[in-house]
file structure-v3.tsv (TSV, C-alpha atoms)
chain	number	residue	atom	x	y	z
A	127	MET	CA	0.00	0.00	0.00
A	128	PRO	CA	1.43	3.44	-0.91
A	129	THR	CA	2.42	5.55	2.07
A	130	LEU	CA	2.62	9.31	2.50
A	131	VAL	CA	4.90	10.81	5.13
A	132	VAL	CA	3.80	13.91	7.04
A	133	GLU	CA	6.39	15.74	9.11
A	134	VAL	CA	5.35	18.22	11.78
A	135	MET	CA	7.75	20.39	13.80
A	136	PRO	CA	7.24	22.97	16.54
A	137	LYS	CA	7.32	26.54	15.18
A	138	ALA	CA	10.90	27.76	15.10
A	139	GLU	CA	10.21	30.84	17.20
A	140	LEU	CA	8.69	28.84	20.05
A	141	LEU	CA	10.59	27.33	22.98
A	142	ASP	CA	10.93	23.57	22.51
A	143	PRO	CA	11.30	22.17	26.06
A	144	GLN	CA	11.54	18.60	24.78
A	145	GLY	CA	14.33	19.57	22.42
A	146	LYS	CA	16.12	21.49	25.18
A	147	ALA	CA	15.94	18.44	27.44
A	148	VAL	CA	17.39	16.15	24.78
A	149	HIS	CA	20.10	18.69	23.99
A	150	GLY	CA	21.01	18.95	27.68
A	151	ALA	CA	21.27	15.19	27.97
A	152	LEU	CA	23.46	14.94	24.88
A	153	SER	CA	25.76	17.67	26.23
A	154	ARG	CA	26.12	15.86	29.56
A	155	LEU	CA	26.97	12.70	27.62
A	156	GLY	CA	29.78	14.55	25.88
A	157	HIS	CA	28.23	15.14	22.46
A	158	ALA	CA	29.63	18.65	22.11
A	159	ASN	CA	29.16	18.61	18.31
A	160	VAL	CA	25.42	18.91	18.85
A	161	THR	CA	24.46	22.58	19.21
A	162	GLY	CA	20.68	22.20	19.24
A	163	VAL	CA	17.83	19.70	19.12
A	164	ARG	CA	14.20	20.10	18.10
A	165	VAL	CA	11.66	17.30	18.44
A	166	GLY	CA	8.64	16.87	16.19
A	167	LYS	CA	6.31	14.21	14.86
A	168	ARG	CA	6.39	11.97	11.83
A	169	PHE	CA	3.26	10.31	10.47
A	170	GLU	CA	3.11	7.50	7.96
A	171	ILE	CA	-0.32	7.60	6.27
A	172	THR	CA	-1.17	4.49	4.26
A	173	VAL	CA	-3.62	5.20	1.45
A	174	ASP	CA	-5.37	3.17	-1.25
A	175	GLU	CA	-3.66	5.03	-4.07
A	176	VAL	CA	-1.60	8.19	-4.50
A	177	ASN	CA	-2.89	10.92	-6.75
A	178	ASP	CA	-3.11	14.69	-6.53
A	179	ALA	CA	-6.50	14.57	-4.81
A	180	VAL	CA	-5.30	12.16	-2.11
A	181	ILE	CA	-2.11	14.16	-1.52
A	182	ALA	CA	-4.21	17.33	-1.19
A	183	GLU	CA	-6.53	15.51	1.24
A	184	VAL	CA	-3.58	14.33	3.36
A	185	ALA	CA	-2.12	17.84	3.31
A	186	THR	CA	-5.45	19.15	4.65
A	187	ILE	CA	-5.49	16.41	7.30
A	188	ALA	CA	-1.91	17.36	8.24
A	189	GLY	CA	-2.75	21.03	8.64
A	190	GLU	CA	-6.05	20.61	10.43
A	191	ILE	CA	-5.80	17.37	12.44
A	192	LEU	CA	-2.21	16.12	12.72
A	193	SER	CA	-0.76	19.47	13.75
A	194	ASN	CA	-1.73	22.38	15.96
A	195	SER	CA	-1.30	25.36	13.65
A	196	VAL	CA	-0.81	27.69	16.62
A	197	ILE	CA	2.41	26.03	17.76
A	198	GLU	CA	3.42	23.68	14.94
A	199	ASP	CA	4.27	23.79	11.24
A	200	VAL	CA	3.73	21.01	8.70
A	201	VAL	CA	7.25	20.65	7.34
A	202	SER	CA	6.45	18.30	4.48
A	203	VAL	CA	3.91	15.92	2.95
A	204	ARG	CA	5.57	13.49	0.54
A	205	GLU	CA	5.48	9.90	-0.68
A	206	ALA	CA	7.44	7.61	1.60
A	207	ASP	CA	9.79	6.20	-1.02
A	208	ALA	CA	10.08	9.50	-2.90
A	209	ARG	CA	12.92	10.66	-0.56
B	37	MET	CA	24.01	25.93	11.20
B	38	PRO	CA	23.77	22.62	9.35
B	39	THR	CA	20.98	20.35	10.54
B	40	LEU	CA	20.63	16.58	10.48
B	41	VAL	CA	17.18	14.99	10.55
B	42	VAL	CA	16.65	11.76	12.47
B	43	GLU	CA	13.41	9.87	11.90
B	44	VAL	CA	12.24	7.20	14.35
B	45	MET	CA	9.19	4.99	13.88
B	46	PRO	CA	7.64	2.22	15.99
B	47	LYS	CA	8.66	-1.25	14.78
B	48	ALA	CA	6.29	-2.38	12.04
B	49	GLU	CA	5.32	-5.59	13.80
B	50	LEU	CA	4.25	-3.80	16.99
B	51	LEU	CA	0.79	-2.43	17.74
B	52	ASP	CA	0.79	1.37	17.38
B	53	PRO	CA	-2.06	2.55	19.64
B	54	GLN	CA	-1.40	6.19	18.80
B	55	GLY	CA	-1.58	5.43	15.09
B	56	LYS	CA	-4.76	3.40	15.59
B	57	ALA	CA	-6.36	6.30	17.47
B	58	VAL	CA	-5.50	8.78	14.72
B	59	HIS	CA	-6.73	6.37	12.07
B	60	GLY	CA	-10.02	5.89	13.94
B	61	ALA	CA	-10.52	9.64	14.17
B	62	LEU	CA	-9.80	10.13	10.47
B	63	SER	CA	-12.29	7.38	9.58
B	64	ARG	CA	-14.99	9.00	11.71
B	65	LEU	CA	-14.24	12.29	9.97
B	66	GLY	CA	-14.90	10.63	6.64
B	67	HIS	CA	-11.33	10.21	5.36
B	68	ALA	CA	-11.96	6.75	3.89
B	69	ASN	CA	-8.89	7.03	1.62
B	70	VAL	CA	-6.68	6.60	4.67
B	71	THR	CA	-6.19	2.88	5.40
B	72	GLY	CA	-3.62	3.16	8.17
B	73	VAL	CA	-1.62	5.61	10.30
B	74	ARG	CA	1.64	5.17	12.19
B	75	VAL	CA	3.07	7.88	14.43
B	76	GLY	CA	6.77	8.38	15.09
B	77	LYS	CA	9.26	11.06	16.02
B	78	ARG	CA	11.34	13.49	13.99
B	79	PHE	CA	14.44	15.13	15.44
B	80	GLU	CA	16.30	18.08	13.98
B	81	ILE	CA	19.87	17.99	15.30
B	82	THR	CA	21.85	21.18	14.71
B	83	VAL	CA	25.60	20.58	14.50
B	84	ASP	CA	28.71	22.72	14.02
B	85	GLU	CA	29.61	21.09	10.73
B	86	VAL	CA	28.57	18.01	8.77
B	87	ASN	CA	31.17	15.37	7.99
B	88	ASP	CA	31.23	11.59	8.07
B	89	ALA	CA	32.34	11.51	11.70
B	90	VAL	CA	29.50	13.80	12.84
B	91	ILE	CA	26.91	11.85	10.82
B	92	ALA	CA	28.21	8.61	12.37
B	93	GLU	CA	28.02	10.22	15.83
B	94	VAL	CA	24.42	11.35	15.24
B	95	ALA	CA	23.53	7.89	13.94
B	96	THR	CA	24.89	6.42	17.18
B	97	ILE	CA	22.94	9.00	19.20
B	98	ALA	CA	19.81	8.08	17.22
B	99	GLY	CA	20.19	4.38	17.87
B	100	GLU	CA	21.16	4.60	21.53
B	101	ILE	CA	19.45	7.71	22.92
B	102	LEU	CA	16.76	9.04	20.59
B	103	SER	CA	15.08	5.69	20.06
B	104	ASN	CA	14.22	2.62	22.10
B	105	SER	CA	15.68	-0.20	20.02
B	106	VAL	CA	13.25	-2.69	21.58
B	107	ILE	CA	10.15	-1.01	20.12
B	108	GLU	CA	11.44	1.52	17.61
B	109	ASP	CA	13.53	1.65	14.43
B	110	VAL	CA	15.66	4.55	13.25
B	111	VAL	CA	14.21	5.09	9.77
B	112	SER	CA	16.77	7.59	8.54
B	113	VAL	CA	19.57	9.99	9.46
B	114	ARG	CA	20.11	12.60	6.74
B	115	GLU	CA	20.96	16.25	6.17
B	116	ALA	CA	17.90	18.45	6.46
B	117	ASP	CA	18.10	20.07	3.05
B	118	ALA	CA	19.37	16.90	1.29
B	119	ARG	CA	15.74	15.71	0.68

call {"tool": "encode", "arguments": {"input": "structure-v3.tsv", "output": "structure tokens"}}
result
Amino acid sequence: MPTLVVEVMPKAELLDPQGKAVHGALSRLGHANVTGVRVGKRFEITVDEVNDAVIAEVATIAGEILSNSVIEDVVSVREADAR
Amino acid sequence: MPTLVVEVMPKAELLDPQGKAVHGALSRLGHANVTGVRVGKRFEITVDEVNDAVIAEVATIAGEILSNSVIEDVVSVREADAR
């Protein structure tokens, strides 16, 4: 079954406490190369078939249901193997 | 600052209650095209510079810290704009 990947991240201008916590842990573990971490969500949406209408529908779902537009941005909606 | 993206998904063979819940909601909202949903995590790791050593380090971080290898798989570790 074809799969679409939706990626949602917290808005860049907002504080990301989860990301800060992960970054702090990585610093304590000696990973000095890492200068920042942000944590978001990744959805794999399995659909019957992929066409423009279905991609548009999933994009609407991503914007309205899978993300909170006040604090999150939909980073991308793409076919899983189209990376 | 260059950014690496780490994507983590629940193992395919495991039940994904979060995905099931989202799928149920989408069905009730009339999105019959959607036949399944799986929910994972997406990390944006900002680093000083990107080279093989740093990518290997982030891959290790992904496998050991950002994911629980018992129930999750690291789907990919890639440069953010290399999509």

call {"tool": "closest_atom_pairs", "arguments": {"input": "structure-v3.tsv", "of": "chain B", "to": "chain A", "cutoff": "7 Å", "atoms": "only C-alpha atoms", "output": "tab-separated table"}}
result
residue	atom	partner	partner_atom	distance
B:Asn69	CA	A:Val173	CA	5.6
B:Val70	CA	A:Val173	CA	4.7
B:Thr71	CA	A:Val173	CA	5.3
B:Gly72	CA	A:Thr172	CA	4.8
B:Val73	CA	A:Ile171	CA	4.7
B:Arg74	CA	A:Glu170	CA	5.0
B:Val75	CA	A:Phe169	CA	4.7
B:Gly76	CA	A:Arg168	CA	4.9
B:Lys77	CA	A:Lys167	CA	4.5
B:Arg78	CA	A:Gly166	CA	4.9
B:Phe79	CA	A:Val165	CA	4.6
B:Glu80	CA	A:Arg164	CA	5.0
B:Ile81	CA	A:Val163	CA	4.7
B:Thr82	CA	A:Gly162	CA	4.8
B:Val83	CA	A:Val160	CA	4.7
B:Asp84	CA	A:Asn159	CA	6.0
B:Arg119	CA	A:Arg209	CA	5.9

call {"tool": "calpha_fit_and_write", "arguments": {"input": "structure-v3.tsv", "fixed": "chain A", "moving": "chain B", "output": "PDB file with C-alpha atoms, keeping the file's coordinate frame"}}
result
ATOM      1  CA  MET B  37      -0.016   0.020  -0.001  1.00  0.00           C
ATOM      2  CA  PRO B  38       1.403   3.427  -0.903  1.00  0.00           C
ATOM      3  CA  THR B  39       2.413   5.549   2.068  1.00  0.00           C
ATOM      4  CA  LEU B  40       2.603   9.305   2.506  1.00  0.00           C
ATOM      5  CA  VAL B  41       4.895  10.799   5.142  1.00  0.00           C
ATOM      6  CA  VAL B  42       3.792  13.894   7.041  1.00  0.00           C
ATOM      7  CA  GLU B  43       6.394  15.730   9.103  1.00  0.00           C
ATOM      8  CA  VAL B  44       5.364  18.218  11.795  1.00  0.00           C
ATOM      9  CA  MET B  45       7.754  20.372  13.808  1.00  0.00           C
ATOM     10  CA  PRO B  46       7.230  22.971  16.547  1.00  0.00           C
ATOM     11  CA  LYS B  47       7.312  26.532  15.184  1.00  0.00           C
ATOM     12  CA  ALA B  48      10.901  27.761  15.078  1.00  0.00           C
ATOM     13  CA  GLU B  49      10.218  30.835  17.183  1.00  0.00           C
ATOM     14  CA  LEU B  50       8.697  28.831  20.046  1.00  0.00           C
ATOM     15  CA  LEU B  51      10.579  27.329  22.981  1.00  0.00           C
ATOM     16  CA  ASP B  52      10.935  23.559  22.506  1.00  0.00           C
ATOM     17  CA  PRO B  53      11.300  22.173  26.051  1.00  0.00           C
ATOM     18  CA  GLN B  54      11.543  18.608  24.778  1.00  0.00           C
ATOM     19  CA  GLY B  55      14.329  19.582  22.399  1.00  0.00           C
ATOM     20  CA  LYS B  56      16.113  21.496  25.163  1.00  0.00           C
ATOM     21  CA  ALA B  57      15.932  18.449  27.440  1.00  0.00           C
ATOM     22  CA  VAL B  58      17.388  16.160  24.777  1.00  0.00           C
ATOM     23  CA  HIS B  59      20.092  18.691  23.985  1.00  0.00           C
ATOM     24  CA  GLY B  60      21.001  18.974  27.679  1.00  0.00           C
ATOM     25  CA  ALA B  61      21.275  15.205  27.974  1.00  0.00           C
ATOM     26  CA  LEU B  62      23.464  14.955  24.877  1.00  0.00           C
ATOM     27  CA  SER B  63      25.758  17.688  26.228  1.00  0.00           C
ATOM     28  CA  ARG B  64      26.124  15.874  29.549  1.00  0.00           C
ATOM     29  CA  LEU B  65      26.946  12.714  27.612  1.00  0.00           C
ATOM     30  CA  GLY B  66      29.767  14.552  25.896  1.00  0.00           C
ATOM     31  CA  HIS B  67      28.216  15.140  22.460  1.00  0.00           C
ATOM     32  CA  ALA B  68      29.626  18.664  22.110  1.00  0.00           C
ATOM     33  CA  ASN B  69      29.154  18.599  18.311  1.00  0.00           C
ATOM     34  CA  VAL B  70      25.412  18.904  18.840  1.00  0.00           C
ATOM     35  CA  THR B  71      24.452  22.585  19.211  1.00  0.00           C
ATOM     36  CA  GLY B  72      20.682  22.207  19.244  1.00  0.00           C
ATOM     37  CA  VAL B  73      17.823  19.687  19.119  1.00  0.00           C
ATOM     38  CA  ARG B  74      14.195  20.098  18.090  1.00  0.00           C
ATOM     39  CA  VAL B  75      11.656  17.297  18.437  1.00  0.00           C
ATOM     40  CA  GLY B  76       8.637  16.855  16.188  1.00  0.00           C
ATOM     41  CA  LYS B  77       6.312  14.190  14.868  1.00  0.00           C
ATOM     42  CA  ARG B  78       6.404  11.939  11.821  1.00  0.00           C
ATOM     43  CA  PHE B  79       3.257  10.297  10.481  1.00  0.00           C
ATOM     44  CA  GLU B  80       3.102   7.488   7.955  1.00  0.00           C
ATOM     45  CA  ILE B  81      -0.320   7.592   6.289  1.00  0.00           C
ATOM     46  CA  THR B  82      -1.181   4.495   4.261  1.00  0.00           C
ATOM     47  CA  VAL B  83      -3.634   5.203   1.442  1.00  0.00           C
ATOM     48  CA  ASP B  84      -5.381   3.177  -1.264  1.00  0.00           C
ATOM     49  CA  GLU B  85      -3.666   5.023  -4.082  1.00  0.00           C
ATOM     50  CA  VAL B  86      -1.609   8.186  -4.496  1.00  0.00           C
ATOM     51  CA  ASN B  87      -2.908  10.934  -6.754  1.00  0.00           C
ATOM     52  CA  ASP B  88      -3.102  14.703  -6.516  1.00  0.00           C
ATOM     53  CA  ALA B  89      -6.494  14.595  -4.814  1.00  0.00           C
ATOM     54  CA  VAL B  90      -5.299  12.169  -2.113  1.00  0.00           C
ATOM     55  CA  ILE B  91      -2.100  14.168  -1.516  1.00  0.00           C
ATOM     56  CA  ALA B  92      -4.199  17.342  -1.194  1.00  0.00           C
ATOM     57  CA  GLU B  93      -6.528  15.525   1.229  1.00  0.00           C
ATOM     58  CA  VAL B  94      -3.587  14.339   3.357  1.00  0.00           C
ATOM     59  CA  ALA B  95      -2.120  17.846   3.312  1.00  0.00           C
ATOM     60  CA  THR B  96      -5.438  19.155   4.648  1.00  0.00           C
ATOM     61  CA  ILE B  97      -5.486  16.410   7.294  1.00  0.00           C
ATOM     62  CA  ALA B  98      -1.917  17.365   8.248  1.00  0.00           C
ATOM     63  CA  GLY B  99      -2.742  21.028   8.642  1.00  0.00           C
ATOM     64  CA  GLU B 100      -6.052  20.616  10.448  1.00  0.00           C
ATOM     65  CA  ILE B 101      -5.797  17.385  12.455  1.00  0.00           C
ATOM     66  CA  LEU B 102      -2.222  16.127  12.715  1.00  0.00           C
ATOM     67  CA  SER B 103      -0.763  19.458  13.765  1.00  0.00           C
ATOM     68  CA  ASN B 104      -1.721  22.378  15.975  1.00  0.00           C
ATOM     69  CA  SER B 105      -1.297  25.354  13.656  1.00  0.00           C
ATOM     70  CA  VAL B 106      -0.809  27.683  16.636  1.00  0.00           C
ATOM     71  CA  ILE B 107       2.430  26.013  17.770  1.00  0.00           C
ATOM     72  CA  GLU B 108       3.417  23.671  14.958  1.00  0.00           C
ATOM     73  CA  ASP B 109       4.275  23.785  11.250  1.00  0.00           C
ATOM     74  CA  VAL B 110       3.730  21.016   8.725  1.00  0.00           C
ATOM     75  CA  VAL B 111       7.260  20.647   7.344  1.00  0.00           C
ATOM     76  CA  SER B 112       6.444  18.292   4.498  1.00  0.00           C
ATOM     77  CA  VAL B 113       3.906  15.915   2.964  1.00  0.00           C
ATOM     78  CA  ARG B 114       5.565  13.486   0.545  1.00  0.00           C
ATOM     79  CA  GLU B 115       5.482   9.900  -0.681  1.00  0.00           C
ATOM     80  CA  ALA B 116       7.441   7.608   1.599  1.00  0.00           C
ATOM     81  CA  ASP B 117       9.808   6.200  -0.991  1.00  0.00           C
ATOM     82  CA  ALA B 118      10.123   9.501  -2.931  1.00  0.00           C
ATOM     83  CA  ARG B 119      13.041  10.631  -0.656  1.00  0.00           C
TER      84      ARG B 119
END

call {"tool": "atom_distance", "arguments": {"input": "structure-v3.tsv", "atom1": "atom CA of Ser103 of chain B", "atom2": "atom CA of Lys47 of chain B"}}
result
10.8 Å

call {"tool": "closest_residue", "arguments": {"input": "structure-v3.tsv", "among": "A:Leu140, A:Ala147, A:Ala179, A:Ala185", "to": "Val200 of chain A", "atoms": "only C-alpha atoms"}}
result
A:Ala185

call {"tool": "closest_residue", "arguments": {"input": "structure-v3.tsv", "among": "B:Leu65, B:Asn87, B:Pro46, B:Pro53", "to": "Ser105 of chain B", "atoms": "only C-alpha atoms"}}
result
B:Pro46

call {"tool": "axis_aligned_box", "arguments": {"input": "structure-v3.tsv", "around": "segment 196-205 of chain A", "padding_each_side": "4 Å", "output": "lines of an AutoDock Vina configuration file"}}
result
center_x = 3.2
center_y = 18.8
center_z = 8.5
size_x = 16.1
size_y = 25.8
size_z = 26.4

call {"tool": "atom_distance", "arguments": {"input": "structure-v3.tsv", "atom1": "atom CA of Thr186 of chain A", "atom2": "atom CA of Leu51 of chain B"}}
result
26.0 Å

call {"tool": "atom_distance", "arguments": {"input": "structure-v3.tsv", "atom1": "atom CA of Asp52 of chain B", "atom2": "atom CA of Ser112 of chain B"}}
result
19.3 Å

call {"tool": "closest_residue", "arguments": {"input": "structure-v3.tsv", "among": "B:Glu49, B:Arg114, B:Ile107, B:Lys56", "to": "Ala92 of chain B", "atoms": "all atoms listed in the file"}}
result
B:Arg114

call {"tool": "decode", "arguments": {"input": "structure-v3.tsv", "residues": "segment 144-155 of chain A", "atoms": "all heavy atoms", "output": "PDB file, in the first residue's frame"}}
result
ATOM      1  N   GLN A 144      11.109  19.993  25.024  1.00  0.00           N
ATOM      2  CA  GLN A 144      11.540  18.604  24.778  1.00  0.00           C
ATOM      3  C   GLN A 144      12.910  18.611  24.099  1.00  0.00           C
ATOM      4  O   GLN A 144      13.817  17.880  24.497  1.00  0.00           O
ATOM      5  CB  GLN A 144      10.509  17.926  23.873  1.00  0.00           C
ATOM      6  CG  GLN A 144      10.313  16.459  24.151  1.00  0.00           C
ATOM      7  CD  GLN A 144       9.202  15.864  23.315  1.00  0.00           C
ATOM      8  OE1 GLN A 144       8.538  16.535  22.530  1.00  0.00           O
ATOM      9  NE2 GLN A 144       8.980  14.572  23.467  1.00  0.00           N
ATOM     10  N   GLY A 145      13.046  19.480  23.122  1.00  0.00           N
ATOM     11  CA  GLY A 145      14.328  19.572  22.419  1.00  0.00           C
ATOM     12  C   GLY A 145      15.441  20.025  23.348  1.00  0.00           C
ATOM     13  O   GLY A 145      16.557  19.503  23.319  1.00  0.00           O
ATOM     14  N   LYS A 146      15.116  20.994  24.210  1.00  0.00           N
ATOM     15  CA  LYS A 146      16.119  21.491  25.178  1.00  0.00           C
ATOM     16  C   LYS A 146      16.568  20.354  26.092  1.00  0.00           C
ATOM     17  O   LYS A 146      17.755  20.194  26.391  1.00  0.00           O
ATOM     18  CB  LYS A 146      15.505  22.612  26.032  1.00  0.00           C
ATOM     19  CG  LYS A 146      15.274  23.908  25.299  1.00  0.00           C
ATOM     20  CD  LYS A 146      16.346  24.946  25.592  1.00  0.00           C
ATOM     21  CE  LYS A 146      16.165  26.200  24.751  1.00  0.00           C
ATOM     22  NZ  LYS A 146      16.475  25.947  23.306  1.00  0.00           N
ATOM     23  N   ALA A 147      15.600  19.545  26.528  1.00  0.00           N
ATOM     24  CA  ALA A 147      15.935  18.435  27.443  1.00  0.00           C
ATOM     25  C   ALA A 147      16.854  17.437  26.752  1.00  0.00           C
ATOM     26  O   ALA A 147      17.859  16.987  27.323  1.00  0.00           O
ATOM     27  CB  ALA A 147      14.639  17.751  27.885  1.00  0.00           C
ATOM     28  N   VAL A 148      16.547  17.119  25.509  1.00  0.00           N
ATOM     29  CA  VAL A 148      17.385  16.153  24.782  1.00  0.00           C
ATOM     30  C   VAL A 148      18.775  16.745  24.566  1.00  0.00           C
ATOM     31  O   VAL A 148      19.794  16.086  24.769  1.00  0.00           O
ATOM     32  CB  VAL A 148      16.729  15.797  23.423  1.00  0.00           C
ATOM     33  CG1 VAL A 148      17.671  14.944  22.582  1.00  0.00           C
ATOM     34  CG2 VAL A 148      15.408  15.070  23.656  1.00  0.00           C
ATOM     35  N   HIS A 149      18.812  18.031  24.209  1.00  0.00           N
ATOM     36  CA  HIS A 149      20.103  18.691  23.994  1.00  0.00           C
ATOM     37  C   HIS A 149      20.939  18.675  25.275  1.00  0.00           C
ATOM     38  O   HIS A 149      22.131  18.365  25.257  1.00  0.00           O
ATOM     39  CB  HIS A 149      19.894  20.132  23.515  1.00  0.00           C
ATOM     40  CG  HIS A 149      21.171  20.845  23.206  1.00  0.00           C
ATOM     41  ND1 HIS A 149      21.296  22.206  23.297  1.00  0.00           N
ATOM     42  CD2 HIS A 149      22.383  20.389  22.812  1.00  0.00           C
ATOM     43  CE1 HIS A 149      22.530  22.562  22.981  1.00  0.00           C
ATOM     44  NE2 HIS A 149      23.220  21.462  22.672  1.00  0.00           N
ATOM     45  N   GLY A 150      20.292  18.975  26.396  1.00  0.00           N
ATOM     46  CA  GLY A 150      21.005  18.953  27.678  1.00  0.00           C
ATOM     47  C   GLY A 150      21.585  17.580  27.971  1.00  0.00           C
ATOM     48  O   GLY A 150      22.746  17.443  28.376  1.00  0.00           O
ATOM     49  N   ALA A 151      20.797  16.553  27.713  1.00  0.00           N
ATOM     50  CA  ALA A 151      21.274  15.190  27.971  1.00  0.00           C
ATOM     51  C   ALA A 151      22.458  14.853  27.069  1.00  0.00           C
ATOM     52  O   ALA A 151      23.465  14.288  27.516  1.00  0.00           O
ATOM     53  CB  ALA A 151      20.135  14.199  27.738  1.00  0.00           C
ATOM     54  N   LEU A 152      22.368  15.238  25.817  1.00  0.00           N
ATOM     55  CA  LEU A 152      23.464  14.942  24.881  1.00  0.00           C
ATOM     56  C   LEU A 152      24.730  15.680  25.296  1.00  0.00           C
ATOM     57  O   LEU A 152      25.838  15.119  25.232  1.00  0.00           O
ATOM     58  CB  LEU A 152      23.060  15.325  23.456  1.00  0.00           C
ATOM     59  CG  LEU A 152      21.937  14.491  22.827  1.00  0.00           C
ATOM     60  CD1 LEU A 152      21.647  14.966  21.416  1.00  0.00           C
ATOM     61  CD2 LEU A 152      22.268  13.013  22.851  1.00  0.00           C
ATOM     62  N   SER A 153      24.579  16.916  25.776  1.00  0.00           N
ATOM     63  CA  SER A 153      25.764  17.672  26.229  1.00  0.00           C
ATOM     64  C   SER A 153      26.406  16.970  27.413  1.00  0.00           C
ATOM     65  O   SER A 153      27.622  16.772  27.457  1.00  0.00           O
ATOM     66  CB  SER A 153      25.364  19.093  26.625  1.00  0.00           C
ATOM     67  OG  SER A 153      24.748  19.738  25.544  1.00  0.00           O
ATOM     68  N   ARG A 154      25.574  16.555  28.371  1.00  0.00           N
ATOM     69  CA  ARG A 154      26.117  15.861  29.559  1.00  0.00           C
ATOM     70  C   ARG A 154      26.801  14.564  29.163  1.00  0.00           C
ATOM     71  O   ARG A 154      27.741  14.108  29.814  1.00  0.00           O
ATOM     72  CB  ARG A 154      25.000  15.599  30.566  1.00  0.00           C
ATOM     73  CG  ARG A 154      24.573  16.826  31.361  1.00  0.00           C
ATOM     74  CD  ARG A 154      23.664  16.478  32.515  1.00  0.00           C
ATOM     75  NE  ARG A 154      22.438  15.817  32.075  1.00  0.00           N
ATOM     76  CZ  ARG A 154      21.365  16.473  31.625  1.00  0.00           C
ATOM     77  NH1 ARG A 154      21.399  17.789  31.534  1.00  0.00           N
ATOM     78  NH2 ARG A 154      20.268  15.832  31.255  1.00  0.00           N
ATOM     79  N   LEU A 155      26.359  13.969  28.051  1.00  0.00           N
ATOM     80  CA  LEU A 155      26.965  12.704  27.623  1.00  0.00           C
ATOM     81  C   LEU A 155      28.185  12.945  26.731  1.00  0.00           C
ATOM     82  O   LEU A 155      28.736  12.015  26.144  1.00  0.00           O
ATOM     83  CB  LEU A 155      25.917  11.863  26.879  1.00  0.00           C
ATOM     84  CG  LEU A 155      24.786  11.330  27.747  1.00  0.00           C
ATOM     85  CD1 LEU A 155      23.658  10.761  26.880  1.00  0.00           C
ATOM     86  CD2 LEU A 155      25.306  10.250  28.694  1.00  0.00           C
TER      87      LEU A 155
END
